[in-house]
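Chemist: Take this structure, written in structure tokens, and hold onto it; I'll ask about it next.
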Amino acid sequence: MPDATNENHQEGRRSGCCNPVKKPGPVSMDHVLAALQETKEERDTRIRSLFNFFDAANVGYLDYGQIETGLSALQIPAEYKYAKDLLRVCDRNRDGRVDYQEFRRYMDDKELELYRIFQAIDVEHNGCILPEELWDALVKAGIEMDDDELASFVEHVDKDNNGIITFEEWRDFLLLYPHEATIENIYHYWERVYLVDIGEQAVIPEGISKHAHASKYLIAGAVAGTASRTATAPLDRLKVIMQVQTTSTCIVPAIKNIWREGGFLGFFRGNGLNVLKVAPESAIKFYAYEMLKNAIGEFKGEDKVDIGTSGRLLAGGTAGAVAQTVIYPMDLVKTRLQTFACEGGKVPSLGKLSKDIWVQEGPRAFYRGLVPSLLGIVPYAGIDLAAYEALKDMSKRYILHDTEPGPFVQLGCGTISGALGATCVYPLQVIRTRLQAQRSNTSAAYEGMSDVFWKTLQHEGLRGFYKGLFPNLLKVVPAASITYLVYETMKKSLELG
């Protein structure tokens, strides 16, 4: 039974709220004016004053420099400044400048958009958002926030500290946010939809840490990764076979050798281990990332929800290194299995192969090639992230004309950026594979990473570092497409929207 005292307190907090729309439906500028309790003339004066604030030089237009300076003067934190995006959204005629009419059109569209979502959250239509209404909206979007985080957000928006959010406070907080005002965007809840799993490392959907169904998302990602790796397993086997060849190698003879040794199933040798490591690698990477993100946020004294691009890169790279180190013995055994020379398809069991490595080479052999593997993680992630952001930015500017890219555009950007990142660090992958494949207790064994590098360069030239690159790139597009489609199907099956 509701507490009468609490109800009276809520009624007291609602006093002063104004909401002219008592039920969901179309809204107009008249509704916005009534909610703000201002006249059309007062609103015109307010918008003109804001334009003049940015146009400090009184030149009659705004450019990137003026918008950037104005946002800084408003003391908007760096992670909330979208000067370039704001310029693009406002600049309708693409002349690099924003005149007052363009600025005014943006303000009209943005205030209507903000009022619509305000209406959607304010389910009782009292003209204000209570913390419990905000929490309900988050839950419906599948987002989980604890009480402290919710209170912190409300306090950030609630300027008069009365425990509720009026439309004026809501508008002031989001007016200069140039992206679409959805509940996910507003709370910086992003799920990166371009999941590209090319079989080298686990891919974690970004932004699921605060999701109430994070474990389900991990399951969906694991199933998608399994399907993708199985479908592209023949190309992966071909790549590994070509990587370890120290003599001249071509694709067609390599394919014939695989067929002669094991027939059709020979192309899938090692895929079981490749699939088996998806789930533990994803889980370890996900939870390590969350712990590191919190640690970086505490160290920098910043919001743990958004630690910036450099913080995400550091946390993601380190989490990837932790996950890679833990599951690396499985990766080495997989490579040994794929490169094991046999006739008639007689492949040793995983148990026997692992035991032989342990007995004949020692436990350290399971980590041969780990160093070049770890060295490639941060460069790969950095190149992937930089290329993805650049491609997304170009698509928004030249193809989508400042609208937010949809899932297929993001998928395309992610595929290209992933392929570019993989190509740049490919020499390290070749060195790793050669160290993994060779028994460490033979006289011809490589002594380490530098030994592989110099011998490859001396006997095969620079081309030796790119053996198997073509089949590796061939699997990028089908791997990305299969991962995305299976992931979306799994989301629906698990009722994740």
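Naming scheme: A, B, ... for chains in displayed order of the structure tokens; residues 1 onward per chain; ligands 1 onward as shown.
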Skipping near chain neighbours, those fewer than 6 positions away, what residues fall within 10 Å of segment 453-464 of chain A using only C-alpha atoms, listed as a PyMOL selection string?

Modeler: chain A and resi 242-249+427-428+430-431+446

Chemist: When you look at segment 361-369 of chain A with a cut-off of 8 Å (counting only C-alpha atoms), what residues show up, excluding the ones that are within fewer than 2 positions of it in the same chain? I need them as a list in words.

Modeler: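 The residues satisfying every condition are Tyr328, Pro329, Leu332, Val333, Asp356, Ile357, Trp358, Val359, Val371, Pro372, Ser373, Ile431, Arg432, Thr433, Arg434, Leu435, Gln436, Arg439, Ser440, Asn441, Gly448 and Met449 of chain A.
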
Chemist: Might you pull out every residue within 9 Å of segment 100-103 of chain A, with only C-alpha atoms counted and same-chain residues fewer than 6 positions away left off, and present them as a ChimeraX atom specification?

Modeler: /A:47-48,51,60-62,90-93

Chemist: Only all heavy atoms, please: the residues just picked out, written as a PDB file, in the first residue's frame.

Modeler:
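The resulting part-v8.pdb:
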ATOM      1  N   ILE A  47      16.097  32.823 -27.929  1.00  0.00           N
ATOM      2  CA  ILE A  47      16.873  32.187 -28.988  1.00  0.00           C
ATOM      3  C   ILE A  47      17.848  33.181 -29.618  1.00  0.00           C
ATOM      4  O   ILE A  47      19.009  32.848 -29.883  1.00  0.00           O
ATOM      5  CB  ILE A  47      15.942  31.579 -30.053  1.00  0.00           C
ATOM      6  CG1 ILE A  47      15.127  30.432 -29.443  1.00  0.00           C
ATOM      7  CG2 ILE A  47      16.735  31.081 -31.261  1.00  0.00           C
ATOM      8  CD1 ILE A  47      14.084  29.848 -30.350  1.00  0.00           C
ATOM      9  N   ARG A  48      17.389  34.431 -29.814  1.00  0.00           N
ATOM     10  CA  ARG A  48      18.270  35.458 -30.361  1.00  0.00           C
ATOM     11  C   ARG A  48      19.436  35.724 -29.409  1.00  0.00           C
ATOM     12  O   ARG A  48      20.586  35.883 -29.836  1.00  0.00           O
ATOM     13  CB  ARG A  48      17.485  36.747 -30.619  1.00  0.00           C
ATOM     14  CG  ARG A  48      18.343  37.952 -30.992  1.00  0.00           C
ATOM     15  CD  ARG A  48      19.141  37.742 -32.267  1.00  0.00           C
ATOM     16  NE  ARG A  48      18.308  37.847 -33.458  1.00  0.00           N
ATOM     17  CZ  ARG A  48      18.807  37.830 -34.700  1.00  0.00           C
ATOM     18  NH1 ARG A  48      20.118  37.694 -34.878  1.00  0.00           N
ATOM     19  NH2 ARG A  48      18.010  37.895 -35.738  1.00  0.00           N
ATOM     20  N   PHE A  51      21.962  32.931 -29.734  1.00  0.00           N
ATOM     21  CA  PHE A  51      22.717  33.087 -30.983  1.00  0.00           C
ATOM     22  C   PHE A  51      23.787  34.168 -30.819  1.00  0.00           C
ATOM     23  O   PHE A  51      24.941  33.984 -31.219  1.00  0.00           O
ATOM     24  CB  PHE A  51      21.771  33.446 -32.129  1.00  0.00           C
ATOM     25  CG  PHE A  51      22.460  33.600 -33.461  1.00  0.00           C
ATOM     26  CD1 PHE A  51      22.729  32.498 -34.259  1.00  0.00           C
ATOM     27  CD2 PHE A  51      22.851  34.863 -33.916  1.00  0.00           C
ATOM     28  CE1 PHE A  51      23.373  32.634 -35.481  1.00  0.00           C
ATOM     29  CE2 PHE A  51      23.493  35.008 -35.141  1.00  0.00           C
ATOM     30  CZ  PHE A  51      23.761  33.893 -35.927  1.00  0.00           C
ATOM     31  N   GLY A  60      27.281  37.963 -37.520  1.00  0.00           N
ATOM     32  CA  GLY A  60      26.003  37.580 -38.104  1.00  0.00           C
ATOM     33  C   GLY A  60      25.887  36.118 -38.473  1.00  0.00           C
ATOM     34  O   GLY A  60      24.877  35.697 -39.037  1.00  0.00           O
ATOM     35  N   TYR A  61      26.901  35.334 -38.178  1.00  0.00           N
ATOM     36  CA  TYR A  61      26.842  33.897 -38.453  1.00  0.00           C
ATOM     37  C   TYR A  61      27.753  33.178 -37.462  1.00  0.00           C
ATOM     38  O   TYR A  61      28.579  33.806 -36.776  1.00  0.00           O
ATOM     39  CB  TYR A  61      27.261  33.585 -39.889  1.00  0.00           C
ATOM     40  CG  TYR A  61      28.684  33.972 -40.217  1.00  0.00           C
ATOM     41  CD1 TYR A  61      29.764  33.146 -39.885  1.00  0.00           C
ATOM     42  CD2 TYR A  61      28.962  35.182 -40.856  1.00  0.00           C
ATOM     43  CE1 TYR A  61      31.069  33.501 -40.173  1.00  0.00           C
ATOM     44  CE2 TYR A  61      30.260  35.562 -41.138  1.00  0.00           C
ATOM     45  CZ  TYR A  61      31.321  34.716 -40.788  1.00  0.00           C
ATOM     46  OH  TYR A  61      32.610  35.081 -41.055  1.00  0.00           O
ATOM     47  N   LEU A  62      27.612  31.845 -37.411  1.00  0.00           N
ATOM     48  CA  LEU A  62      28.440  31.025 -36.533  1.00  0.00           C
ATOM     49  C   LEU A  62      29.260  30.065 -37.377  1.00  0.00           C
ATOM     50  O   LEU A  62      28.745  29.470 -38.323  1.00  0.00           O
ATOM     51  CB  LEU A  62      27.572  30.215 -35.558  1.00  0.00           C
ATOM     52  CG  LEU A  62      26.518  30.969 -34.747  1.00  0.00           C
ATOM     53  CD1 LEU A  62      25.752  29.991 -33.853  1.00  0.00           C
ATOM     54  CD2 LEU A  62      27.150  32.075 -33.928  1.00  0.00           C
ATOM     55  N   CYS A  90      23.005  22.128 -38.056  1.00  0.00           N
ATOM     56  CA  CYS A  90      22.413  23.467 -38.238  1.00  0.00           C
ATOM     57  C   CYS A  90      22.630  24.008 -39.646  1.00  0.00           C
ATOM     58  O   CYS A  90      21.772  24.725 -40.180  1.00  0.00           O
ATOM     59  CB  CYS A  90      23.009  24.447 -37.233  1.00  0.00           C
ATOM     60  SG  CYS A  90      22.592  24.120 -35.508  1.00  0.00           S
ATOM     61  N   ASP A  91      23.769  23.678 -40.246  1.00  0.00           N
ATOM     62  CA  ASP A  91      24.162  24.271 -41.528  1.00  0.00           C
ATOM     63  C   ASP A  91      23.421  23.602 -42.684  1.00  0.00           C
ATOM     64  O   ASP A  91      23.923  22.683 -43.321  1.00  0.00           O
ATOM     65  CB  ASP A  91      25.680  24.138 -41.703  1.00  0.00           C
ATOM     66  CG  ASP A  91      26.187  24.794 -42.973  1.00  0.00           C
ATOM     67  OD1 ASP A  91      25.470  25.649 -43.528  1.00  0.00           O
ATOM     68  OD2 ASP A  91      27.298  24.448 -43.414  1.00  0.00           O
ATOM     69  N   ARG A  92      22.226  24.087 -42.964  1.00  0.00           N
ATOM     70  CA  ARG A  92      21.373  23.461 -43.987  1.00  0.00           C
ATOM     71  C   ARG A  92      21.927  23.632 -45.402  1.00  0.00           C
ATOM     72  O   ARG A  92      21.769  22.754 -46.238  1.00  0.00           O
ATOM     73  CB  ARG A  92      19.954  24.053 -43.926  1.00  0.00           C
ATOM     74  CG  ARG A  92      19.208  23.798 -42.621  1.00  0.00           C
ATOM     75  CD  ARG A  92      18.876  22.332 -42.447  1.00  0.00           C
ATOM     76  NE  ARG A  92      18.132  22.059 -41.233  1.00  0.00           N
ATOM     77  CZ  ARG A  92      16.802  22.013 -41.150  1.00  0.00           C
ATOM     78  NH1 ARG A  92      16.066  22.236 -42.229  1.00  0.00           N
ATOM     79  NH2 ARG A  92      16.209  21.744 -40.004  1.00  0.00           N
ATOM     80  N   ASN A  93      22.539  24.783 -45.708  1.00  0.00           N
ATOM     81  CA  ASN A  93      22.986  25.018 -47.086  1.00  0.00           C
ATOM     82  C   ASN A  93      24.445  24.645 -47.320  1.00  0.00           C
ATOM     83  O   ASN A  93      25.005  24.911 -48.382  1.00  0.00           O
ATOM     84  CB  ASN A  93      22.763  26.483 -47.486  1.00  0.00           C
ATOM     85  CG  ASN A  93      23.521  27.451 -46.592  1.00  0.00           C
ATOM     86  OD1 ASN A  93      24.308  27.027 -45.750  1.00  0.00           O
ATOM     87  ND2 ASN A  93      23.286  28.752 -46.778  1.00  0.00           N
TER      88      ASN A  93
END

Chemist: Hey, which of A:Gly262, A:Gly225, A:Gly311, A:Gly65 ends up closest to Ser282 of chain A? Count only C-alpha atoms.

Modeler: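 Once distances to Ser282 of chain A are computed over only C-alpha atoms, the minimum belongs to A:Gly225.
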
Chemist: For Phe264 of chain A, please output as an MDAnalysis selection string all residues within 12 Å (counting only C-alpha atoms; exclusion window: fewer than 3 positions along the same chain).

Modeler: chainID A and resid 233:234 237 255:261 267:269 345
